[in-house]
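Pasting final07.txt here (compact mmCIF, C-alpha atoms and all ligand atoms):
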```
# COMPACT_ATOMS: atom_id res chain seq x y z
CA MET A 1 -75.92 -3.79 115.91
CA LEU A 2 -78.09 -6.81 115.22
CA ILE A 3 -78.32 -7.65 111.51
CA PRO A 4 -81.68 -8.88 110.13
CA LYS A 5 -81.57 -12.50 108.93
CA SER A 6 -82.20 -11.60 105.31
CA HIS A 7 -79.39 -9.03 105.18
CA PRO A 8 -76.57 -10.13 102.82
CA ARG A 9 -74.06 -9.92 105.70
CA ALA A 10 -76.19 -12.25 107.83
CA VAL A 11 -76.44 -14.66 104.92
CA SER A 12 -72.66 -14.59 104.53
CA LEU A 13 -72.18 -15.33 108.21
CA HIS A 14 -74.57 -18.25 107.86
CA ILE A 15 -72.52 -19.53 104.91
CA ARG A 16 -69.35 -19.26 107.03
CA GLU A 17 -71.06 -21.31 109.72
CA LYS A 18 -71.86 -24.02 107.15
CA LEU A 19 -68.19 -24.21 106.24
CA VAL A 20 -67.13 -24.50 109.89
CA GLN A 21 -69.67 -27.29 110.40
CA GLY A 22 -68.31 -28.94 107.25
CA TYR A 23 -64.83 -28.73 108.73
CA ARG A 24 -65.97 -30.26 112.02
CA SER A 25 -67.70 -33.13 110.27
CA GLY A 26 -64.65 -33.98 108.17
CA LEU A 27 -65.79 -32.67 104.77
CA VAL A 28 -63.60 -29.58 104.64
CA VAL A 29 -59.84 -29.27 105.24
CA GLU A 30 -57.98 -26.35 106.84
CA GLU A 31 -56.92 -25.12 103.41
CA GLY A 32 -60.61 -25.10 102.47
CA LEU A 33 -61.37 -22.74 105.35
CA MET A 34 -58.67 -20.39 104.09
CA ALA A 35 -59.99 -20.60 100.54
CA HIS A 36 -63.39 -19.65 101.92
CA GLY A 37 -61.84 -16.62 103.63
CA ARG A 38 -60.39 -15.50 100.31
CA GLY A 39 -63.82 -15.97 98.78
CA GLU A 40 -65.49 -13.87 101.49
CA THR A 41 -63.18 -10.97 100.75
CA PHE A 42 -64.20 -10.89 97.12
CA ASP A 43 -67.84 -11.44 98.03
CA TYR A 44 -67.65 -8.28 100.16
CA LEU A 45 -66.22 -6.45 97.16
CA ILE A 46 -69.04 -7.49 94.84
CA GLY A 47 -71.58 -6.39 97.47
CA GLU A 48 -72.58 -9.93 98.56
CA LYS A 49 -75.10 -10.19 95.74
CA THR A 50 -75.26 -11.67 92.26
CA SER A 51 -74.09 -9.06 89.77
CA LYS A 52 -75.32 -8.57 86.21
CA ASN A 53 -72.15 -10.02 84.74
CA ALA A 54 -72.38 -13.05 87.04
CA LEU A 55 -75.91 -13.61 85.77
CA LYS A 56 -74.63 -13.43 82.19
CA ALA A 57 -72.02 -16.08 83.02
CA ILE A 58 -74.64 -18.24 84.74
CA LYS A 59 -76.83 -18.12 81.62
CA ALA A 60 -73.91 -19.16 79.41
CA ALA A 61 -73.04 -21.93 81.86
CA ALA A 62 -76.62 -23.24 81.94
CA LYS A 63 -76.75 -23.38 78.15
CA THR A 64 -73.39 -25.11 77.96
CA LEU A 65 -74.41 -27.71 80.53
CA VAL A 66 -77.78 -28.39 78.90
CA LEU A 67 -76.15 -28.75 75.47
CA ALA A 68 -73.23 -30.88 76.72
CA LYS A 69 -72.97 -34.51 75.62
CA TYR A 70 -71.23 -35.70 78.76
CA PRO A 71 -71.33 -33.10 81.54
CA VAL A 72 -69.67 -33.80 84.88
CA ILE A 73 -69.94 -31.92 88.17
CA SER A 74 -66.73 -32.10 90.14
CA VAL A 75 -67.29 -31.94 93.89
CA ASN A 76 -64.76 -30.98 96.57
CA GLY A 77 -65.23 -30.53 100.32
CA ASN A 78 -66.19 -26.85 100.28
CA PHE A 79 -68.67 -27.29 97.44
CA ALA A 80 -70.29 -30.26 99.19
CA ALA A 81 -70.49 -28.48 102.54
CA LEU A 82 -72.09 -25.39 100.97
CA CYS A 83 -74.64 -26.82 98.57
CA PRO A 84 -75.14 -30.61 98.64
CA LYS A 85 -78.80 -30.43 97.63
CA GLU A 86 -78.09 -28.08 94.73
CA ILE A 87 -75.34 -30.37 93.39
CA VAL A 88 -77.74 -33.31 93.22
CA ASN A 89 -80.52 -31.16 91.74
CA LEU A 90 -78.38 -29.65 89.02
CA ALA A 91 -76.98 -33.07 88.08
CA LYS A 92 -80.51 -34.40 87.65
CA ILE A 93 -81.67 -31.44 85.58
CA VAL A 94 -78.77 -31.32 83.11
CA GLY A 95 -78.09 -35.07 83.17
CA ALA A 96 -74.60 -34.68 84.63
CA LYS A 97 -72.47 -37.22 86.45
CA ILE A 98 -71.27 -36.34 89.94
CA GLU A 99 -67.60 -37.00 90.68
CA ILE A 100 -65.87 -36.44 94.01
CA ASN A 101 -62.51 -35.00 93.11
CA LEU A 102 -60.33 -33.69 95.92
CA PHE A 103 -57.15 -31.68 96.06
CA TYR A 104 -56.29 -33.10 99.49
CA VAL A 105 -57.40 -36.70 99.23
CA THR A 106 -58.22 -39.10 102.04
CA GLU A 107 -60.61 -42.02 101.78
CA LYS A 108 -62.36 -40.89 104.95
CA ARG A 109 -63.09 -37.48 103.52
CA LYS A 110 -64.30 -38.96 100.25
CA ARG A 111 -66.69 -41.20 102.20
CA ALA A 112 -67.99 -38.28 104.29
CA ILE A 113 -68.70 -36.26 101.15
CA ALA A 114 -70.32 -39.24 99.41
CA ASN A 115 -72.56 -39.86 102.44
CA LEU A 116 -73.70 -36.26 102.48
CA LEU A 117 -74.49 -36.33 98.75
CA ARG A 118 -76.40 -39.60 99.15
CA LYS A 119 -78.37 -38.10 102.03
CA ASN A 120 -79.34 -35.37 99.60
CA GLY A 121 -80.56 -37.82 96.98
CA ALA A 122 -77.48 -38.72 94.90
CA LYS A 123 -77.70 -42.23 93.46
CA LYS A 124 -74.46 -42.67 91.58
CA ILE A 125 -71.25 -41.03 92.69
CA LEU A 126 -68.00 -41.32 90.75
CA GLY A 127 -64.46 -40.92 91.99
CA LEU A 128 -64.76 -43.55 94.69
CA ASP A 129 -63.62 -46.73 92.95
CA PRO A 130 -59.82 -46.90 92.52
CA ARG A 131 -60.28 -49.40 89.67
CA SER A 132 -61.80 -46.71 87.48
CA SER A 133 -59.20 -44.04 88.19
CA ARG A 134 -57.32 -42.47 85.27
CA LYS A 135 -54.75 -39.71 85.11
CA ILE A 136 -54.93 -36.21 83.67
CA PRO A 137 -51.66 -35.70 81.80
CA LYS A 138 -49.15 -33.02 82.85
CA LEU A 139 -50.21 -32.76 86.47
CA ASP A 140 -48.35 -34.08 89.50
CA SER A 141 -49.29 -37.35 91.23
CA ALA A 142 -52.35 -37.39 93.53
CA ARG A 143 -53.86 -34.24 92.04
CA ARG A 144 -54.27 -35.77 88.60
CA VAL A 145 -56.47 -38.74 89.41
CA VAL A 146 -59.92 -38.63 87.84
CA ASP A 147 -62.65 -41.18 87.16
CA LYS A 148 -62.66 -42.82 83.74
CA ASN A 149 -66.47 -42.57 83.64
CA GLY A 150 -66.40 -39.01 84.94
CA ILE A 151 -64.05 -36.12 84.25
CA PHE A 152 -61.82 -38.30 82.05
CA SER A 153 -64.66 -38.81 79.55
CA ALA A 154 -66.43 -35.46 79.99
CA ASP A 155 -66.82 -32.77 77.35
CA VAL A 156 -67.95 -30.15 79.90
CA VAL A 157 -66.84 -30.03 83.53
CA LEU A 158 -68.28 -27.83 86.27
CA VAL A 159 -65.44 -27.38 88.77
CA PRO A 160 -66.32 -24.77 91.40
CA LEU A 161 -63.65 -23.43 93.77
CA GLU A 162 -60.94 -25.25 91.88
CA ASP A 163 -57.17 -24.90 91.98
CA GLY A 164 -55.48 -23.14 89.08
CA ASP A 165 -53.04 -25.94 88.15
CA ARG A 166 -55.86 -28.43 87.85
CA THR A 167 -58.02 -26.10 85.84
CA LEU A 168 -55.17 -25.49 83.40
CA ALA A 169 -54.46 -29.22 83.13
CA MET A 170 -58.15 -29.93 82.41
CA LYS A 171 -58.15 -27.25 79.74
CA LYS A 172 -55.05 -28.74 78.12
CA PHE A 173 -56.78 -32.10 78.26
CA GLY A 174 -59.53 -30.65 76.04
CA LYS A 175 -62.30 -30.10 78.58
CA LYS A 176 -64.65 -27.16 78.51
CA VAL A 177 -64.38 -25.75 82.03
CA ILE A 178 -67.09 -23.88 83.93
CA THR A 179 -66.25 -22.61 87.38
CA PHE A 180 -67.58 -20.57 90.26
CA ASP A 181 -64.80 -18.40 91.63
CA LEU A 182 -65.27 -15.19 93.58
CA ASN A 183 -61.73 -14.12 92.77
CA PRO A 184 -61.69 -12.88 89.18
CA LEU A 185 -57.88 -12.77 89.33
CA SER A 186 -57.29 -16.41 90.33
CA ARG A 187 -55.65 -18.68 87.78
CA THR A 188 -58.82 -20.76 87.69
CA ALA A 189 -60.98 -17.72 86.97
CA GLN A 190 -58.58 -16.57 84.28
CA SER A 191 -58.21 -19.92 82.53
CA ALA A 192 -61.75 -21.35 82.62
CA ASP A 193 -64.09 -21.04 79.62
CA ILE A 194 -66.90 -19.67 81.79
CA THR A 195 -66.16 -18.12 85.19
CA ILE A 196 -69.10 -17.26 87.38
CA VAL A 197 -67.84 -14.61 89.79
CA ASP A 198 -70.45 -15.22 92.44
CA ASN A 199 -70.78 -17.05 95.72
CA VAL A 200 -71.44 -20.65 94.74
CA ILE A 201 -74.29 -20.80 97.24
CA ARG A 202 -76.20 -18.00 95.50
CA GLY A 203 -75.12 -18.84 91.97
CA MET A 204 -75.98 -22.54 92.08
CA ARG A 205 -79.62 -21.76 92.86
CA ILE A 206 -79.87 -19.44 89.87
CA LEU A 207 -78.00 -21.91 87.66
CA ILE A 208 -80.54 -24.59 88.58
CA ASP A 209 -83.53 -22.34 87.81
CA ILE A 210 -82.18 -21.25 84.44
CA SER A 211 -81.08 -24.77 83.45
CA LYS A 212 -84.54 -26.10 84.31
CA LYS A 213 -86.13 -23.54 81.96
CA LEU A 214 -83.63 -24.24 79.18
CA THR A 215 -84.25 -27.99 79.17
CA LYS A 216 -87.80 -27.22 77.98
CA LYS A 217 -86.60 -25.11 75.04
CA LYS A 218 -86.11 -26.43 71.53
CA ASN A 219 -83.32 -25.48 69.09
CA LEU A 220 -81.03 -24.29 71.80
CA LYS A 221 -77.79 -22.79 70.46
CA PRO A 222 -74.58 -22.16 72.41
CA ASP A 223 -74.06 -18.65 73.76
CA ARG A 224 -71.30 -16.47 72.43
CA PHE A 225 -69.59 -15.74 75.70
CA ASP A 226 -66.41 -13.76 76.25
CA ASN A 227 -64.92 -14.82 79.57
CA LYS A 228 -62.17 -12.19 79.62
CA LYS A 229 -64.71 -9.43 79.05
CA ASN A 230 -66.99 -10.82 81.74
CA LEU A 231 -64.08 -10.98 84.21
CA ALA A 232 -63.22 -7.37 83.40
CA GLU A 233 -66.83 -6.45 84.20
CA ALA A 234 -66.57 -8.28 87.54
CA ILE A 235 -63.43 -6.31 88.38
CA LEU A 236 -65.21 -3.09 87.44
CA VAL A 237 -68.11 -3.94 89.80
CA MET A 238 -65.57 -4.33 92.61
CA LYS A 239 -63.78 -1.11 91.68
CA ASN A 240 -67.04 0.85 91.61
CA ASN A 241 -68.15 -0.58 94.96
CA LEU A 242 -64.83 0.39 96.52
CA TRP A 243 -65.09 3.87 95.01
CA ARG A 244 -68.62 4.31 96.34
CA LYS A 245 -67.60 3.16 99.84
CA ALA A 246 -64.57 5.41 99.83
CA HIS A 247 -66.75 8.41 98.98
CA ALA A 248 -69.81 7.58 101.06
P1 LIG A 301 -55.83 -20.42 91.90
O1 LIG A 301 -55.19 -21.72 92.28
O2 LIG A 301 -56.97 -20.58 90.95
O3 LIG A 301 -54.86 -19.37 91.43
P2 LIG A 301 -56.16 -19.94 94.79
O4 LIG A 301 -54.97 -20.81 95.01
O5 LIG A 301 -56.22 -18.62 95.44
O6 LIG A 301 -56.49 -19.78 93.22
P3 LIG A 301 -57.85 -22.15 95.45
O7 LIG A 301 -57.83 -22.54 96.88
O8 LIG A 301 -57.00 -22.93 94.54
O9 LIG A 301 -57.49 -20.63 95.31
O10 LIG A 301 -59.37 -22.11 94.94
C1 LIG A 301 -60.40 -21.58 95.70
C2 LIG A 301 -61.03 -20.37 95.02
O11 LIG A 301 -62.41 -20.38 95.34
C3 LIG A 301 -60.49 -19.01 95.48
O12 LIG A 301 -60.24 -18.17 94.38
C4 LIG A 301 -61.65 -18.40 96.34
O13 LIG A 301 -61.72 -17.00 96.20
C5 LIG A 301 -62.84 -19.07 95.73
N1 LIG A 301 -63.98 -19.26 96.66
C6 LIG A 301 -63.94 -19.61 97.97
N2 LIG A 301 -65.18 -19.74 98.48
C7 LIG A 301 -66.06 -19.48 97.47
C8 LIG A 301 -67.47 -19.47 97.36
N3 LIG A 301 -68.26 -19.75 98.42
N4 LIG A 301 -68.02 -19.20 96.16
C9 LIG A 301 -67.24 -18.92 95.08
N5 LIG A 301 -65.88 -18.90 95.12
C10 LIG A 301 -65.29 -19.18 96.29
MG MG A 302 -54.72 -22.71 94.06
```
Please render this file's structure as structure tokens.
Ligand code: ATP
Ligand code: MG
Amino acid sequence: MLIPKSHPRAVSLHIREKLVQGYRSGLVVEEGLMAHGRGETFDYLIGEKTSKNALKAIKAAAKTLVLAKYPVISVNGNFAALCPKEIVNLAKIVGAKIEINLFYVTEKRKRAIANLLRKNGAKKILGLDPRSSRKIPKLDSARRVVDKNGIFSADVVLVPLEDGDRTLAMKKFGKKVITFDLNPLSRTAQSADITIVDNVIRGMRILIDISKKLTKKKNLKPDRFDNKKNLAEAILVMKNNLWRKAHA
């Protein structure tokens, strides 16, 4: 059966294709393809659309980013391959720094990601100059390097599709962590301050729209947001979808 282009499944297949292209052009590593596969599973379970609880988390994230003193967007290969334009847009809107921060680091990959971000309008990109690298305490070697003008100095960090050890280390280092993670059970999802359980490609667009509106508002106050409760709601959405499918 041919699926119409606008159907959520068709959109997901298009996203998969973006990742494969990202892999072929040296942005994404093999492990990134596997991480994407894990993400697709959970996306299926949430019905391949932004849920109410994800929207709640996006609103809290937008407020936190707009109110932050020194927000930083951490970019890895998957994030860059999926939404380069959105990364640059969001950074402009909330006044965030962009830092390339990879789990599997090679200079070539960093350059490929930086080129893609520049092509999409990024002016300044952190994480490229070894002279400004600093270390997150309590994390092993290569994985702990961050930029002194980026994550090291940030109060709020947006780290989509991040590894659990790094998220925990950033938390211990005093950072407020916002993440996109389709798996509500991952260590990152469980340890972040705000977890958006949505496909980053859908969620980033909404995050941009809401942030844009919030920058025009006066007397903005931080949201009271309960991440554990929101994650429980995400799990419930998945459970209900499974139940419905099983009884359809
Ligand atoms: P953790 O280390 O946090 O316990 P993990 O080892 O399973 O989790 P990582 O590879 O470290 O996973 O991080 C990638 C995470 O990103 C996974 O939880 C995956 O489900 C999620 N993910 C993959 N693709 C997307 C996407 N497009 N949008 C949102 N989340 C995604
Ligand atoms: Mg991991």
### Distance filter 10 Å around ligand LIG 301 (chain A), atoms: only C-alpha atoms and all ligand atoms, out as a ChimeraX atom specification
/A:12,15-16,19,31-43,78-79,81-83,103,160-168,179-192,195-204
### Query
What is the distance, in Å and to one decimal place, between atom CA of A:Pro222 and atom CA of A:Lys176?
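Atom CA of A:Lys176 lies 12.7 Å from atom CA of A:Pro222.
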### Query
atom CA of A:Gly174 and atom CA of A:Val28, how far apart in Å?
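Going from atom CA of A:Val28 over to atom CA of A:Gly174 covers 28.9 Å.
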### Message
Give me the residues near stretch 89-97 of chain A as a ChimeraX atom specification, where near means some atom within 7 Å (using only C-alpha atoms) and where sequence neighbours in that chain fewer than 6 positions away do not count.
### Response
/A:65-66,70-73,150,208,211-212
### Query
Counting all atoms listed in the file, what is within 9 Å of A:Lys85, bar same-chain residues fewer than 3 positions away, as a list in words?
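Final neighbour list, sorted by chain and number: Ala80, Val88, Asn89, Leu90, Leu117, Lys119, Asn120, Gly121 and Ala122 of chain A.
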### Task
Work out how far atom CA of A:Val156 is from atom CA of A:Asp140, in Å to one decimal.
22.2 Å
### Message
Using all atoms listed in the file for the distances, tell me which of A:Ile98, A:Leu116, A:Ile194, A:Ile151 is nearest to A:Lys175.
### Response
A:Ile151
### Message
Taking all atoms listed in the file into account, name the residue in A:Tyr104, A:Ile113, A:Trp243, A:Thr215 that is nearest to ligand MG 302 (chain A).
### Response
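Once distances to ligand MG 302 (chain A) are computed over all atoms listed in the file, the minimum belongs to A:Tyr104.
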